[in-house]
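The structure appears right after this line, and notes come after that.
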Amino acid sequence: MEISRTLFIPVILGTARMGRMSLHAARLVTEELSKRNGVETDLIDIAKLPLPTNDAGEAIKDLDFSSKISNADAVVIVSPEYNHGYPGLLKHVLDSCLKEYIHKAVGIVGVSAGPFGGVRVIQNLLPVMRELGLVTIFWDVNFSNVQKTFSAKGDLLDESYIRRIDKFLKELIWMAKTLRHGREQISLD
Ligand SMILES: Cc1cc2nc3c(=O)[nH]c(=O)nc-3n(C[C@H](O)[C@H](O)[C@H](O)COP(=O)(O)O)c2cc1C
């Protein structure tokens, strides 16, 4: 059946900062995604993408990143909040693709040291998602006070996040299936 075909939903870790706590959040979401039947995932670490910084946009496309996004039905972006915005490197990476994103679902996970769980970075990412052709869902995950949410080793200290991630992923998977159906079955003309 169409609806039970495997979905590919990679997780993009949106910072290259040494000692980044967002790594723990990205690993957790990837692990929860990988437990779901019918979903394949992959953790894309932007620190490992060899993108030059003396040019921008599709001119610096990385073939591996581009092919993962092309094959994706949805993506999860895990972004820390840096001065209420997103890391410049995350934007640089996202800008390197365009048609690869169109009519695919995106869910955003905000990570912050402060109490608001990255709500401001999520709000700032929304217009970028729209311009890329991604379709946002109406759930986010907000890791607030992240230093208290994970141990230094990366163990989750607050189990309530599992329930929140579950709700978020259910919605993302629904949107991913719906949009795949649309991409494959419904013409724009
Ligand atoms: C340049 C910079 C700006 C930051 N700005 C904010 C901020 O606006 N709000 C906030 O709650 N935390 C802010 N933080 C703290 C991060 O949210 C914190 O480091 C958290 O662990 C997530 O980022 P990380 O994945 O880099 O660790 C900032 C950190 C850096 C490095």
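We name chains A, B, ... following the order of the structure tokens; residues begin at 1 in each chain, and ligands are numbered from 1 as shown.
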Can I get the residues of region 150-171 of chain A within 9 Å of region 19-33 of chain A, each with the closest pair of atoms and their distance in Å to one decimal, using only C-alpha atoms, sorted chain first then ascending number, as JSON lines?
{"residue": "A:Phe150", "atom": "CA", "partner": "A:His24", "partner_atom": "CA", "distance": 7.2}
{"residue": "A:Ala152", "atom": "CA", "partner": "A:Met21", "partner_atom": "CA", "distance": 8.5}
{"residue": "A:Lys153", "atom": "CA", "partner": "A:His24", "partner_atom": "CA", "distance": 8.5}
{"residue": "A:Gly154", "atom": "CA", "partner": "A:His24", "partner_atom": "CA", "distance": 5.2}
{"residue": "A:Asp155", "atom": "CA", "partner": "A:His24", "partner_atom": "CA", "distance": 7.7}
{"residue": "A:Leu156", "atom": "CA", "partner": "A:Leu28", "partner_atom": "CA", "distance": 8.1}
{"residue": "A:Ile162", "atom": "CA", "partner": "A:Glu32", "partner_atom": "CA", "distance": 8.0}
{"residue": "A:Ile165", "atom": "CA", "partner": "A:Val29", "partner_atom": "CA", "distance": 7.0}
{"residue": "A:Asp166", "atom": "CA", "partner": "A:Glu32", "partner_atom": "CA", "distance": 7.7}
{"residue": "A:Leu169", "atom": "CA", "partner": "A:Leu33", "partner_atom": "CA", "distance": 7.3}
Saved selection, atoms kept: N, CA, C and O atoms, as a PDB file, in the first residue's frame:
ATOM      1  N   PHE A 150      19.708  17.518  29.780  1.00  0.00           N
ATOM      2  CA  PHE A 150      20.606  16.401  29.472  1.00  0.00           C
ATOM      3  C   PHE A 150      21.786  16.428  30.441  1.00  0.00           C
ATOM      4  O   PHE A 150      22.232  17.515  30.857  1.00  0.00           O
ATOM      5  N   ALA A 152      25.879  15.805  31.116  1.00  0.00           N
ATOM      6  CA  ALA A 152      27.027  16.181  30.279  1.00  0.00           C
ATOM      7  C   ALA A 152      27.309  15.098  29.230  1.00  0.00           C
ATOM      8  O   ALA A 152      27.776  15.375  28.127  1.00  0.00           O
ATOM      9  N   LYS A 153      26.969  13.852  29.574  1.00  0.00           N
ATOM     10  CA  LYS A 153      27.183  12.734  28.641  1.00  0.00           C
ATOM     11  C   LYS A 153      26.108  12.643  27.564  1.00  0.00           C
ATOM     12  O   LYS A 153      26.230  11.905  26.594  1.00  0.00           O
ATOM     13  N   GLY A 154      25.000  13.351  27.824  1.00  0.00           N
ATOM     14  CA  GLY A 154      23.925  13.348  26.828  1.00  0.00           C
ATOM     15  C   GLY A 154      22.730  12.511  27.222  1.00  0.00           C
ATOM     16  O   GLY A 154      21.825  12.298  26.408  1.00  0.00           O
ATOM     17  N   ASP A 155      22.697  12.014  28.464  1.00  0.00           N
ATOM     18  CA  ASP A 155      21.514  11.252  28.890  1.00  0.00           C
ATOM     19  C   ASP A 155      20.369  12.210  29.184  1.00  0.00           C
ATOM     20  O   ASP A 155      20.567  13.257  29.817  1.00  0.00           O
ATOM     21  N   LEU A 156      19.178  11.817  28.750  1.00  0.00           N
ATOM     22  CA  LEU A 156      17.992  12.643  28.986  1.00  0.00           C
ATOM     23  C   LEU A 156      17.615  12.580  30.462  1.00  0.00           C
ATOM     24  O   LEU A 156      17.471  11.506  31.036  1.00  0.00           O
ATOM     25  N   ILE A 162       9.955  12.761  25.957  1.00  0.00           N
ATOM     26  CA  ILE A 162       9.637  11.636  25.065  1.00  0.00           C
ATOM     27  C   ILE A 162       8.205  11.775  24.551  1.00  0.00           C
ATOM     28  O   ILE A 162       7.926  11.581  23.363  1.00  0.00           O
ATOM     29  N   ILE A 165       8.068  14.645  22.037  1.00  0.00           N
ATOM     30  CA  ILE A 165       8.673  14.262  20.752  1.00  0.00           C
ATOM     31  C   ILE A 165       7.714  13.341  19.989  1.00  0.00           C
ATOM     32  O   ILE A 165       7.562  13.448  18.768  1.00  0.00           O
ATOM     33  N   ASP A 166       7.037  12.466  20.730  1.00  0.00           N
ATOM     34  CA  ASP A 166       6.105  11.527  20.110  1.00  0.00           C
ATOM     35  C   ASP A 166       4.978  12.272  19.381  1.00  0.00           C
ATOM     36  O   ASP A 166       4.663  11.972  18.224  1.00  0.00           O
ATOM     37  N   LEU A 169       6.401  13.988  16.296  1.00  0.00           N
ATOM     38  CA  LEU A 169       6.729  13.080  15.190  1.00  0.00           C
ATOM     39  C   LEU A 169       5.479  12.523  14.530  1.00  0.00           C
ATOM     40  O   LEU A 169       5.444  12.332  13.312  1.00  0.00           O
TER      41      LEU A 169
END
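For Trp139 (chain A), the set of protein, DNA and RNA residues having any atom at most 10 Å away, when counting only C-alpha atoms and skipping those fewer than 3 positions along the same chain, is Gly107, Ile108, Val109, Thr136, Asn142, Arg164, Ile165, Lys167, Phe168, Leu169, Lys170, Glu171 and Leu172 of chain A.
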Please extract the residues at most 9 Å from ligand 1, counting only C-alpha atoms and all ligand atoms, and provide them as a VMD selection string, using the chain letters and residue numbers of this document.
-> chain A and resid 13 to 25 78 to 85 87 110 to 118 120 to 121 143 to 147
For the residues in the current selection, export N, CA and C atoms as an mmCIF file, in the first residue's frame.
data_model
loop_
_atom_site.group_PDB
_atom_site.id
_atom_site.type_symbol
_atom_site.label_atom_id
_atom_site.label_comp_id
_atom_site.auth_asym_id
_atom_site.auth_seq_id
_atom_site.Cartn_x
_atom_site.Cartn_y
_atom_site.Cartn_z
ATOM 1 N N LEU A 13 21.349 18.620 12.307
ATOM 2 C CA LEU A 13 21.885 19.258 13.520
ATOM 3 C C LEU A 13 22.469 20.602 13.111
ATOM 4 N N GLY A 14 21.839 21.696 13.600
ATOM 5 C CA GLY A 14 22.063 23.017 13.032
ATOM 6 C C GLY A 14 23.160 23.867 13.638
ATOM 7 N N THR A 15 24.139 23.279 14.263
ATOM 8 C CA THR A 15 25.260 24.076 14.780
ATOM 9 C C THR A 15 26.547 23.256 14.759
ATOM 10 N N ALA A 16 27.647 23.940 14.565
ATOM 11 C CA ALA A 16 28.954 23.276 14.581
ATOM 12 C C ALA A 16 29.732 23.668 15.832
ATOM 13 N N ARG A 17 29.071 24.348 16.766
ATOM 14 C CA ARG A 17 29.788 24.871 17.941
ATOM 15 C C ARG A 17 30.415 23.739 18.764
ATOM 16 N N MET A 18 31.664 23.929 19.195
ATOM 17 C CA MET A 18 32.299 22.956 20.087
ATOM 18 C C MET A 18 31.495 22.866 21.374
ATOM 19 N N GLY A 19 31.191 21.691 21.839
ATOM 20 C CA GLY A 19 30.470 21.532 23.098
ATOM 21 C C GLY A 19 28.967 21.760 22.968
ATOM 22 N N ARG A 20 28.473 21.786 21.745
ATOM 23 C CA ARG A 20 27.045 22.032 21.489
ATOM 24 C C ARG A 20 26.151 21.033 22.225
ATOM 25 N N MET A 21 25.168 21.562 22.959
ATOM 26 C CA MET A 21 24.189 20.712 23.650
ATOM 27 C C MET A 21 23.117 20.240 22.664
ATOM 28 N N SER A 22 22.970 20.945 21.557
ATOM 29 C CA SER A 22 21.979 20.553 20.541
ATOM 30 C C SER A 22 22.259 19.160 19.989
ATOM 31 N N LEU A 23 23.505 18.722 20.090
ATOM 32 C CA LEU A 23 23.844 17.370 19.641
ATOM 33 C C LEU A 23 23.003 16.336 20.398
ATOM 34 N N HIS A 24 22.829 16.541 21.711
ATOM 35 C CA HIS A 24 22.063 15.574 22.504
ATOM 36 C C HIS A 24 20.603 15.561 22.059
ATOM 37 N N ALA A 25 20.062 16.747 21.798
ATOM 38 C CA ALA A 25 18.668 16.835 21.344
ATOM 39 C C ALA A 25 18.523 16.154 19.986
ATOM 40 N N VAL A 78 17.117 20.699 13.994
ATOM 41 C CA VAL A 78 17.395 20.948 15.407
ATOM 42 C C VAL A 78 18.292 22.177 15.459
ATOM 43 N N SER A 79 17.740 23.268 15.996
ATOM 44 C CA SER A 79 18.506 24.517 15.976
ATOM 45 C C SER A 79 18.623 25.132 17.366
ATOM 46 N N PRO A 80 19.840 25.474 17.761
ATOM 47 C CA PRO A 80 19.978 26.252 18.992
ATOM 48 C C PRO A 80 19.567 27.696 18.723
ATOM 49 N N GLU A 81 19.257 28.402 19.794
ATOM 50 C CA GLU A 81 18.932 29.831 19.659
ATOM 51 C C GLU A 81 20.188 30.632 19.966
ATOM 52 N N TYR A 82 20.656 31.378 18.962
ATOM 53 C CA TYR A 82 21.820 32.247 19.129
ATOM 54 C C TYR A 82 21.359 33.693 18.952
ATOM 55 N N ASN A 83 21.374 34.448 20.041
ATOM 56 C CA ASN A 83 20.885 35.837 20.008
ATOM 57 C C ASN A 83 19.527 35.939 19.316
ATOM 58 N N HIS A 84 18.651 35.053 19.751
ATOM 59 C CA HIS A 84 17.264 34.992 19.291
ATOM 60 C C HIS A 84 17.129 34.573 17.828
ATOM 61 N N GLY A 85 18.239 34.222 17.190
ATOM 62 C CA GLY A 85 18.170 33.822 15.783
ATOM 63 C C GLY A 85 18.745 32.422 15.589
ATOM 64 N N PRO A 87 21.761 29.834 13.875
ATOM 65 C CA PRO A 87 23.183 29.908 13.555
ATOM 66 C C PRO A 87 23.377 30.235 12.078
ATOM 67 N N GLY A 110 13.696 23.487 18.805
ATOM 68 C CA GLY A 110 14.483 24.612 19.312
ATOM 69 C C GLY A 110 15.230 24.194 20.575
ATOM 70 N N VAL A 111 16.460 24.689 20.712
ATOM 71 C CA VAL A 111 17.278 24.347 21.883
ATOM 72 C C VAL A 111 17.836 25.638 22.466
ATOM 73 N N SER A 112 17.623 25.823 23.772
ATOM 74 C CA SER A 112 18.182 27.038 24.377
ATOM 75 C C SER A 112 18.616 26.805 25.817
ATOM 76 N N ALA A 113 19.549 27.649 26.231
ATOM 77 C CA ALA A 113 19.973 27.639 27.624
ATOM 78 C C ALA A 113 18.908 28.319 28.477
ATOM 79 N N GLY A 114 18.203 29.231 27.884
ATOM 80 C CA GLY A 114 17.178 29.978 28.604
ATOM 81 C C GLY A 114 15.867 29.205 28.721
ATOM 82 N N PRO A 115 14.844 29.851 29.324
ATOM 83 C CA PRO A 115 13.615 29.143 29.649
ATOM 84 C C PRO A 115 12.620 28.993 28.494
ATOM 85 N N PHE A 116 12.900 29.561 27.329
ATOM 86 C CA PHE A 116 11.867 29.591 26.286
ATOM 87 C C PHE A 116 12.022 28.512 25.210
ATOM 88 N N GLY A 117 13.013 27.653 25.372
ATOM 89 C CA GLY A 117 13.118 26.488 24.483
ATOM 90 C C GLY A 117 13.287 26.831 23.015
ATOM 91 N N GLY A 118 13.939 27.938 22.739
ATOM 92 C CA GLY A 118 14.205 28.266 21.337
ATOM 93 C C GLY A 118 12.990 28.769 20.574
ATOM 94 N N ARG A 120 12.101 31.684 19.933
ATOM 95 C CA ARG A 120 12.417 32.813 19.048
ATOM 96 C C ARG A 120 13.170 32.350 17.812
ATOM 97 N N VAL A 121 14.046 31.373 17.969
ATOM 98 C CA VAL A 121 14.719 30.872 16.763
ATOM 99 C C VAL A 121 13.708 30.159 15.864
ATOM 100 N N PHE A 143 13.438 22.512 23.684
ATOM 101 C CA PHE A 143 14.328 22.122 24.783
ATOM 102 C C PHE A 143 14.764 23.395 25.508
ATOM 103 N N SER A 144 14.141 23.657 26.648
ATOM 104 C CA SER A 144 14.547 24.830 27.437
ATOM 105 C C SER A 144 15.540 24.387 28.508
ATOM 106 N N ASN A 145 16.289 25.326 29.040
ATOM 107 C CA ASN A 145 17.286 25.021 30.085
ATOM 108 C C ASN A 145 18.036 23.728 29.752
ATOM 109 N N VAL A 146 18.548 23.681 28.540
ATOM 110 C CA VAL A 146 19.038 22.399 28.010
ATOM 111 C C VAL A 146 20.148 21.780 28.864
ATOM 112 N N GLN A 147 20.906 22.613 29.564
ATOM 113 C CA GLN A 147 21.983 22.078 30.418
ATOM 114 C C GLN A 147 21.426 21.224 31.560
#
Could you check which of A:Ser160, A:Thr53, A:Ser67, A:Thr178 is closest to His92 (chain A), using only C-alpha atoms?
->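 Closest to His92 (chain A), using only C-alpha atoms: A:Thr53.
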Residue nearest Ile46 (chain A) among A:Ile9, A:Ala59, A:Leu89, A:Ile69 (counting only C-alpha atoms) |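 The closest residue to Ile46 (chain A) is A:Leu89.
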Enumerate, as a PyMOL selection string, the complete set of residues in chain A that a backbone-based DSSP assignment places in strand (DSSP E).
-> chain A and resi 7-8+11-13+39-40+43-45+74-80+104-111+134-136+141-143
Quote the spacing between CA of Trp174 (chain A) and CA of Leu7 (chain A) in Å to one decimal place.
-> 10.6 Å
Looking only at alpha helix (DSSP H) from DSSP on the backbone, list the matching residues of region 1-181 of chain A as a ChimeraX atom specification.
-> /A:22-34,63-71,88-94,119-132,146-149,160-181
Suppose you want the space between CA of Leu43 (chain A) and CA of Asp140 (chain A); what is it in Å?
-> 18.1 Å
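Using only C-alpha atoms, the shortest contact distance between Ser70 (chain A) and any of A:Val141, A:Gly182, A:Cys97, A:Gln123 is found at A:Cys97.
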Between region 53-96 of chain A and region 34-42 of chain A, at 10 Å or less, what are the per-residue closest atom pairs and their distances in Å? Count only C-alpha atoms, order by chain and rising residue number, and return it as JSON lines.
{"residue": "A:Lys68", "atom": "CA", "partner": "A:Asp42", "partner_atom": "CA", "distance": 8.9}
{"residue": "A:Ala72", "atom": "CA", "partner": "A:Thr41", "partner_atom": "CA", "distance": 9.0}
{"residue": "A:Asp73", "atom": "CA", "partner": "A:Val39", "partner_atom": "CA", "distance": 9.9}
{"residue": "A:Ala74", "atom": "CA", "partner": "A:Thr41", "partner_atom": "CA", "distance": 9.9}
{"residue": "A:Val75", "atom": "CA", "partner": "A:Thr41", "partner_atom": "CA", "distance": 9.2}
{"residue": "A:Val76", "atom": "CA", "partner": "A:Thr41", "partner_atom": "CA", "distance": 9.9}
